$ cat upload.txt   # compact mmCIF, C-alpha atoms and all ligand atoms
# COMPACT_ATOMS: atom_id res chain seq x y z
CA MET N 1 -24.83 0.14 -21.18
CA TYR N 2 -21.63 0.39 -19.14
CA ARG N 3 -20.56 -2.56 -16.97
CA LEU N 4 -18.30 -1.86 -14.02
CA TYR N 5 -16.48 -4.66 -12.20
CA TYR N 6 -16.23 -3.43 -8.64
CA TYR N 7 -15.71 -4.23 -4.99
CA PRO N 8 -16.87 -1.90 -2.18
CA ASN N 9 -14.40 0.86 -1.30
CA ASN N 10 -11.87 -0.32 -3.90
CA ALA N 11 -10.44 1.67 -6.81
CA SER N 12 -13.80 1.13 -8.52
CA LEU N 13 -15.35 3.73 -6.20
CA ALA N 14 -14.36 6.81 -8.26
CA PRO N 15 -15.81 5.35 -11.51
CA HIS N 16 -18.92 4.29 -9.55
CA PHE N 17 -19.35 7.89 -8.32
CA LEU N 18 -19.08 9.13 -11.92
CA LEU N 19 -21.55 6.64 -13.38
CA HIS N 20 -24.05 7.60 -10.68
CA GLU N 21 -23.40 11.36 -10.89
CA MET N 22 -23.82 11.38 -14.69
CA GLN N 23 -26.98 9.26 -14.41
CA LEU N 24 -25.62 6.83 -17.00
CA ASP N 25 -27.06 3.45 -17.80
CA TYR N 26 -24.79 0.99 -15.98
CA GLU N 27 -24.56 -2.39 -14.36
CA LEU N 28 -22.33 -3.22 -11.40
CA LEU N 29 -20.63 -6.62 -11.29
CA LEU N 30 -19.17 -7.61 -7.94
CA VAL N 31 -15.69 -9.16 -8.09
CA ASP N 32 -15.58 -11.26 -4.97
CA ARG N 33 -12.20 -10.42 -3.47
CA LYS N 34 -12.89 -12.71 -0.53
CA SER N 35 -12.50 -15.66 -2.92
CA ASN N 36 -9.77 -13.86 -4.95
CA ARG N 37 -11.97 -13.66 -8.08
CA GLN N 38 -9.80 -10.79 -9.38
CA LYS N 39 -7.15 -13.45 -10.06
CA SER N 40 -9.53 -15.90 -11.77
CA SER N 41 -8.79 -16.84 -15.37
CA GLU N 42 -12.04 -15.22 -16.63
CA TYR N 43 -11.29 -11.92 -14.90
CA LEU N 44 -7.62 -11.93 -15.99
CA LYS N 45 -8.84 -11.99 -19.60
CA LEU N 46 -10.48 -8.60 -18.94
CA ASN N 47 -7.78 -7.19 -16.69
CA PRO N 48 -4.39 -8.92 -16.92
CA ALA N 49 -3.23 -7.07 -13.80
CA GLY N 50 -5.90 -8.88 -11.76
CA ARG N 51 -6.98 -5.62 -10.17
CA ILE N 52 -10.30 -3.88 -9.59
CA PRO N 53 -11.87 -2.01 -11.42
CA THR N 54 -12.55 -2.90 -15.03
CA LEU N 55 -15.08 -1.11 -17.23
CA ILE N 56 -16.77 -2.58 -20.27
CA ASP N 57 -18.07 -0.01 -22.73
CA ASP N 58 -19.41 -1.93 -25.69
CA GLU N 59 -16.28 -3.15 -27.53
CA ILE N 60 -13.88 -1.38 -25.18
CA THR N 61 -12.54 -3.16 -22.09
CA LEU N 62 -10.71 -0.71 -19.90
CA PHE N 63 -8.72 -1.07 -16.70
CA GLU N 64 -6.98 1.54 -14.46
CA SER N 65 -9.35 3.69 -12.47
CA PRO N 66 -8.10 7.10 -13.75
CA ALA N 67 -8.31 5.92 -17.39
CA ILE N 68 -11.90 4.81 -16.75
CA CYS N 69 -12.69 8.19 -15.14
CA ILE N 70 -11.21 10.15 -18.07
CA HIS N 71 -13.05 7.96 -20.58
CA LEU N 72 -16.42 8.46 -18.86
CA CYS N 73 -15.86 12.24 -18.59
CA GLU N 74 -14.81 12.52 -22.23
CA GLN N 75 -17.72 10.43 -23.45
CA HIS N 76 -20.11 12.81 -21.70
CA PRO N 77 -18.50 16.28 -21.80
CA GLU N 78 -21.92 17.91 -21.36
CA LYS N 79 -21.93 16.62 -17.75
CA GLY N 80 -19.09 19.05 -17.00
CA LEU N 81 -16.89 16.71 -14.95
CA ILE N 82 -13.78 17.48 -17.02
CA PRO N 83 -12.88 21.07 -18.00
CA PRO N 84 -13.27 21.79 -21.72
CA LEU N 85 -10.40 21.44 -24.19
CA GLY N 86 -8.46 24.71 -24.35
CA SER N 87 -9.51 25.88 -20.86
CA LYS N 88 -6.76 26.65 -18.36
CA GLU N 89 -8.31 24.22 -15.88
CA ARG N 90 -7.94 21.21 -18.20
CA PRO N 91 -4.19 20.66 -17.71
CA LEU N 92 -4.77 21.04 -13.97
CA PHE N 93 -7.37 18.29 -14.16
CA PHE N 94 -4.72 15.95 -15.61
CA GLN N 95 -2.11 17.18 -13.15
CA TRP N 96 -4.28 16.38 -10.12
CA LEU N 97 -5.62 13.10 -11.43
CA ALA N 98 -2.04 11.98 -12.18
CA TYR N 99 -0.82 13.18 -8.78
CA LEU N 100 -3.64 11.41 -6.97
CA ASN N 101 -3.19 8.14 -8.84
CA ASN N 102 0.54 8.11 -9.28
CA THR N 103 1.62 9.52 -5.92
CA LEU N 104 -1.03 9.33 -3.20
CA GLN N 105 -2.67 6.12 -4.44
CA ALA N 106 0.73 4.51 -5.12
CA GLU N 107 1.91 5.33 -1.59
CA LEU N 108 -1.33 3.98 -0.14
CA MET N 109 -0.89 0.75 -2.11
CA VAL N 110 2.55 0.17 -0.52
CA ARG N 111 1.01 1.08 2.88
CA TYR N 112 -1.74 -1.53 2.54
CA TYR N 113 0.22 -4.24 0.69
CA PRO N 114 3.67 -3.97 2.38
CA HIS N 115 4.33 -7.72 2.01
CA ARG N 116 4.56 -7.17 -1.77
CA HIS N 117 7.52 -4.84 -1.22
CA THR N 118 9.83 -6.94 0.92
CA PHE N 119 10.92 -10.53 1.33
CA ASN N 120 11.62 -9.79 4.97
CA GLU N 121 8.51 -10.29 7.15
CA GLY N 122 10.19 -8.44 10.00
CA GLY N 123 10.53 -5.31 7.86
CA ILE N 124 6.78 -4.91 7.30
CA PRO N 125 5.99 -2.66 10.31
CA ALA N 126 8.80 -0.29 9.23
CA ILE N 127 7.38 -0.09 5.70
CA ARG N 128 3.94 0.76 7.12
CA GLU N 129 5.45 3.43 9.35
CA ALA N 130 7.42 5.00 6.50
CA GLN N 131 4.37 4.91 4.22
CA ASP N 132 2.23 6.69 6.84
CA GLU N 133 4.70 9.56 6.50
CA ARG N 134 4.67 9.48 2.69
CA VAL N 135 0.84 9.56 2.71
CA ALA N 136 0.80 12.45 5.20
CA GLU N 137 3.25 14.42 3.01
CA SER N 138 0.98 13.96 0.05
CA LEU N 139 -2.14 14.94 2.03
CA GLN N 140 -0.30 18.08 3.16
CA ILE N 141 0.33 19.10 -0.46
CA ILE N 142 -3.34 18.56 -1.26
CA ASN N 143 -4.37 20.45 1.89
CA GLU N 144 -2.32 23.47 0.76
CA ALA N 145 -3.74 23.27 -2.76
CA LEU N 146 -7.24 23.47 -1.29
CA THR N 147 -6.54 26.77 0.51
CA GLY N 148 -9.35 29.19 -0.37
CA LYS N 149 -10.81 26.74 -2.87
CA GLN N 150 -14.16 25.03 -3.03
CA TYR N 151 -12.84 22.10 -5.08
CA LEU N 152 -9.48 20.80 -6.26
CA LEU N 153 -9.67 22.79 -9.52
CA GLY N 154 -11.14 25.93 -7.92
CA ASP N 155 -14.84 26.79 -8.14
CA ASP N 156 -15.80 23.94 -10.45
CA PHE N 157 -16.46 20.42 -9.30
CA SER N 158 -14.70 17.70 -11.35
CA ALA N 159 -13.96 13.97 -11.42
CA CYS N 160 -10.74 14.76 -9.50
CA ASP N 161 -12.90 15.49 -6.44
CA PHE N 162 -14.46 12.03 -6.54
CA PHE N 163 -10.98 10.52 -6.89
CA LEU N 164 -9.66 12.53 -3.94
CA PHE N 165 -12.64 11.53 -1.81
CA MET N 166 -11.97 7.84 -2.57
CA LEU N 167 -8.30 8.15 -1.56
CA SER N 168 -9.23 10.13 1.55
CA LEU N 169 -11.43 7.24 2.65
CA TRP N 170 -8.45 4.91 2.30
CA SER N 171 -6.21 7.38 4.13
CA LEU N 172 -8.43 7.17 7.22
CA GLY N 173 -6.57 3.98 8.12
CA THR N 174 -3.15 5.66 8.16
CA LYS N 175 -1.47 7.31 11.15
CA ARG N 176 -2.44 10.87 10.27
CA SER N 177 -6.13 11.18 9.43
CA PRO N 178 -7.02 13.38 6.42
CA MET N 179 -9.40 15.10 8.87
CA SER N 180 -6.41 16.52 10.76
CA PHE N 181 -5.55 18.81 7.81
CA PRO N 182 -7.68 21.97 8.12
CA HIS N 183 -8.53 22.78 4.47
CA LEU N 184 -8.82 19.13 3.49
CA SER N 185 -11.08 18.43 6.43
CA GLN N 186 -13.51 21.26 5.54
CA TYR N 187 -13.52 20.03 1.96
CA LEU N 188 -14.16 16.40 2.96
CA LYS N 189 -17.03 17.42 5.23
CA ARG N 190 -18.62 19.21 2.24
CA MET N 191 -17.92 16.29 -0.10
CA ALA N 192 -19.50 13.80 2.33
CA GLN N 193 -22.75 15.79 2.05
CA TYR N 194 -22.70 15.66 -1.75
CA PRO N 195 -25.73 13.56 -2.87
CA THR N 196 -23.77 11.19 -5.16
CA VAL N 197 -21.12 10.55 -2.48
CA HIS N 198 -23.83 9.93 0.08
CA GLU N 199 -25.88 7.60 -2.16
CA VAL N 200 -23.01 5.56 -3.60
CA CYS N 201 -21.38 5.13 -0.17
CA LYS N 202 -24.72 3.98 1.20
CA PHE N 203 -24.94 1.41 -1.60
CA GLU N 204 -21.35 0.19 -1.01
CA LYS N 205 -21.94 0.26 2.78
CA ILE N 206 -19.09 2.72 3.36
CA ASP N 207 -19.22 4.49 6.68
CA LEU N 208 -18.98 8.28 6.32
CA GLN N 209 -19.06 9.07 10.03
CA ALA N 210 -15.42 10.18 10.08
CA PHE N 211 -16.40 13.10 7.84
CA GLN N 212 -19.25 14.48 10.01
N1 LIG N 301 -3.70 1.27 -10.60
C1 LIG N 301 -4.92 0.51 -10.44
C2 LIG N 301 -4.89 -0.13 -9.08
C3 LIG N 301 -6.08 -1.00 -8.84
C4 LIG N 301 -5.92 -1.79 -7.56
O1 LIG N 301 -4.81 -2.00 -7.05
N2 LIG N 301 -7.04 -2.28 -7.04
C5 LIG N 301 -7.00 -3.04 -5.82
C6 LIG N 301 -8.21 -2.72 -4.98
S1 LIG N 301 -8.23 -1.05 -4.47
C7 LIG N 301 -7.04 -4.51 -6.15
O2 LIG N 301 -7.66 -4.93 -7.10
N3 LIG N 301 -6.38 -5.33 -5.33
C8 LIG N 301 -6.44 -6.73 -5.44
C9 LIG N 301 -5.12 -7.36 -5.71
O3 LIG N 301 -4.12 -6.64 -5.86
O4 LIG N 301 -5.10 -8.59 -5.78
C10 LIG N 301 -6.13 1.42 -10.61
O5 LIG N 301 -6.03 2.59 -10.24
O6 LIG N 301 -7.15 0.95 -11.13

$ encode --input "upload.txt" --output "structure tokens"
Amino acid sequence: MYRLYYYPNNASLAPHFLLHEMQLDYELLLVDRKSNRQKSSEYLKLNPAGRIPTLIDDEITLFESPAICIHLCEQHPEKGLIPPLGSKERPLFFQWLAYLNNTLQAELMVRYYPHRHTFNEGGIPAIREAQDERVAESLQIINEALTGKQYLLGDDFSACDFFLFMLSLWSLGTKRSPMSFPHLSQYLKRMAQYPTVHEVCKFEKIDLQAFQ
């Protein structure tokens, strides 16, 4: 049985989508961020970064959301959420997952935790403003990549789509909504109807109204 340490609408959401989509046997363990449990000594033993999520798979304790997603996909290749080894889509899977995590997610992190990036309180609004632009630039690249495509990799759905949906939810709080990008908005409307997205968001009490 997999055990996922999570908090609603945190970086645990993409792994949660995957566990649900693949109909795996899993248990969810809430890390109470309101009381800063991600920084507790017990949790730091699992995840020294004190971040959410962490996945326990038997003897493996894994942190970093994209690593957890890749692990789940590779453990269950028959579920088809990662393109097969040798296919031309497989490197694109890694490209997009890396771009999402390393660029869009990283920019969003600075946007939402600006105080960690300056010792000057007065500079915080300017960091937020600059980050809104960085996030919009990244969404624009994704919007263009979605031109004429059903999913990020083309016709086939993959774990990258769950990851993008998670980051799009976070991007709703930035200056330029992901819904203002035409291809991305059509895609997000489709994704919001996807049964796993619908069911997991209902469980985590995430409002999907913005994607109607
Ligand atoms: N690179 C990590 C980032 C995880 C992360 O920053 N999680 C946030 C929630 S979305 C968190 O735990 N924040 C609490 C904190 O920084 O104290 C990943 O992708 O798993």

$ closest_atom_pairs --input "upload.txt" --of "chain N" --to "ligand LIG 301 (chain N)" --cutoff "10 Å" --atoms "all atoms listed in the file" --output "CSV"
residue,atom,partner,partner_atom,distance
N:Tyr6,CA,N:LIG301,O2,8.8
N:Tyr7,CA,N:LIG301,C6,7.7
N:Pro8,CA,N:LIG301,S1,9.0
N:Asn9,CA,N:LIG301,S1,7.2
N:Asn10,CA,N:LIG301,S1,3.8
N:Ala11,CA,N:LIG301,S1,4.2
N:Ser12,CA,N:LIG301,O6,7.1
N:Leu13,CA,N:LIG301,S1,8.7
N:Ala14,CA,N:LIG301,O5,9.5
N:Pro15,CA,N:LIG301,O6,9.7
N:Val31,CA,N:LIG301,O2,9.1
N:Arg33,CA,N:LIG301,C8,7.1
N:Asn36,CA,N:LIG301,O4,7.1
N:Arg37,CA,N:LIG301,O4,8.8
N:Gln38,CA,N:LIG301,O4,6.3
N:Lys39,CA,N:LIG301,O4,6.8
N:Asn47,CA,N:LIG301,O2,9.9
N:Ala49,CA,N:LIG301,O3,8.0
N:Gly50,CA,N:LIG301,O4,6.0
N:Arg51,CA,N:LIG301,O2,3.2
N:Ile52,CA,N:LIG301,O2,3.8
N:Pro53,CA,N:LIG301,O6,5.6
N:Thr54,CA,N:LIG301,O6,7.7
N:Leu62,CA,N:LIG301,O6,9.6
N:Phe63,CA,N:LIG301,O6,6.1
N:Glu64,CA,N:LIG301,O6,3.4
N:Ser65,CA,N:LIG301,O6,3.8
N:Pro66,CA,N:LIG301,O5,6.1
N:Ala67,CA,N:LIG301,O6,8.1
N:Ile68,CA,N:LIG301,O6,8.3
N:Cys69,CA,N:LIG301,O6,10.0
N:Leu100,CA,N:LIG301,O5,9.7
N:Asn101,CA,N:LIG301,O5,6.4
N:Asn102,CA,N:LIG301,N1,8.2
N:Gln105,CA,N:LIG301,O5,7.6
N:Ala106,CA,N:LIG301,N1,7.8
N:Leu108,CA,N:LIG301,S1,9.6
N:Met109,CA,N:LIG301,O1,6.9
N:Tyr112,CA,N:LIG301,S1,9.6
N:Tyr113,CA,N:LIG301,O3,8.2
N:Arg116,CA,N:LIG301,O3,9.6
N:Phe163,CA,N:LIG301,O5,9.9
N:Met166,CA,N:LIG301,S1,9.8
N:Leu167,CA,N:LIG301,S1,9.6
N:Trp170,CA,N:LIG301,S1,9.0

$ write_last_selection --input "upload.txt" --atoms "C-alpha atoms" --output "compact mmCIF listing (two decimals), in the coordinates of the input"
# COMPACT_ATOMS: atom_id res chain seq x y z
CA TYR N 6 -16.23 -3.43 -8.64
CA TYR N 7 -15.71 -4.23 -4.99
CA PRO N 8 -16.87 -1.90 -2.18
CA ASN N 9 -14.40 0.86 -1.30
CA ASN N 10 -11.87 -0.32 -3.90
CA ALA N 11 -10.44 1.67 -6.81
CA SER N 12 -13.80 1.13 -8.52
CA LEU N 13 -15.35 3.73 -6.20
CA ALA N 14 -14.36 6.81 -8.26
CA PRO N 15 -15.81 5.35 -11.51
CA VAL N 31 -15.69 -9.16 -8.09
CA ARG N 33 -12.20 -10.42 -3.47
CA ASN N 36 -9.77 -13.86 -4.95
CA ARG N 37 -11.97 -13.66 -8.08
CA GLN N 38 -9.80 -10.79 -9.38
CA LYS N 39 -7.15 -13.45 -10.06
CA ASN N 47 -7.78 -7.19 -16.69
CA ALA N 49 -3.23 -7.07 -13.80
CA GLY N 50 -5.90 -8.88 -11.76
CA ARG N 51 -6.98 -5.62 -10.17
CA ILE N 52 -10.30 -3.88 -9.59
CA PRO N 53 -11.87 -2.01 -11.42
CA THR N 54 -12.55 -2.90 -15.03
CA LEU N 62 -10.71 -0.71 -19.90
CA PHE N 63 -8.72 -1.07 -16.70
CA GLU N 64 -6.98 1.54 -14.46
CA SER N 65 -9.35 3.69 -12.47
CA PRO N 66 -8.10 7.10 -13.75
CA ALA N 67 -8.31 5.92 -17.39
CA ILE N 68 -11.90 4.81 -16.75
CA CYS N 69 -12.69 8.19 -15.14
CA LEU N 100 -3.64 11.41 -6.97
CA ASN N 101 -3.19 8.14 -8.84
CA ASN N 102 0.54 8.11 -9.28
CA GLN N 105 -2.67 6.12 -4.44
CA ALA N 106 0.73 4.51 -5.12
CA LEU N 108 -1.33 3.98 -0.14
CA MET N 109 -0.89 0.75 -2.11
CA TYR N 112 -1.74 -1.53 2.54
CA TYR N 113 0.22 -4.24 0.69
CA ARG N 116 4.56 -7.17 -1.77
CA PHE N 163 -10.98 10.52 -6.89
CA MET N 166 -11.97 7.84 -2.57
CA LEU N 167 -8.30 8.15 -1.56
CA TRP N 170 -8.45 4.91 2.30

$ closest_residue --input "upload.txt" --among "N:Ala130, N:Gln23, N:Lys88, N:Asp155" --to "N:His76" --atoms "all atoms listed in the file"
N:Gln23

$ atom_distance --input "upload.txt" --atom1 "atom CA of N:Pro178" --atom2 "atom CA of N:Asn143"
8.8 Å

$ closest_residue --input "upload.txt" --among "N:Tyr194, N:Cys201, N:Asp207, N:Glu133" --to "N:Lys175" --atoms "only C-alpha atoms"
N:Glu133

$ atom_distance --input "upload.txt" --atom1 "atom CA of N:Ile141" --atom2 "atom CA of N:Ser180"
13.3 Å

$ atom_distance --input "upload.txt" --atom1 "atom CA of N:Leu29" --atom2 "atom CA of N:Lys205"
15.7 Å

$ axis_aligned_box --input "upload.txt" --around "stretch 15-31 of chain N" --padding-each-side "4 Å" --output "lines of an AutoDock Vina configuration file"
center_x = -21.4
center_y = 1.1
center_z = -12.9
size_x = 19.4
size_y = 28.5
size_z = 17.9

$ closest_residue --input "upload.txt" --among "N:Leu30, N:Ser177, N:Thr103, N:Ser158" --to "N:Ile70" --atoms "only C-alpha atoms"
N:Ser158

$ closest_residue --input "upload.txt" --among "N:Phe17, N:Tyr2, N:Trp96, N:Phe181" --to "N:Glu204" --atoms "only C-alpha atoms"
N:Phe17

$ closest_residue --input "upload.txt" --among "N:Ile60, N:Pro125, N:Lys45, N:Met22" --to "N:Glu78" --atoms "all atoms listed in the file"
N:Met22

$ closest_residue --input "upload.txt" --among "N:Val200, N:Ala210, N:Ile124, N:Leu104" --to "N:Leu28" --atoms "only C-alpha atoms"
N:Val200
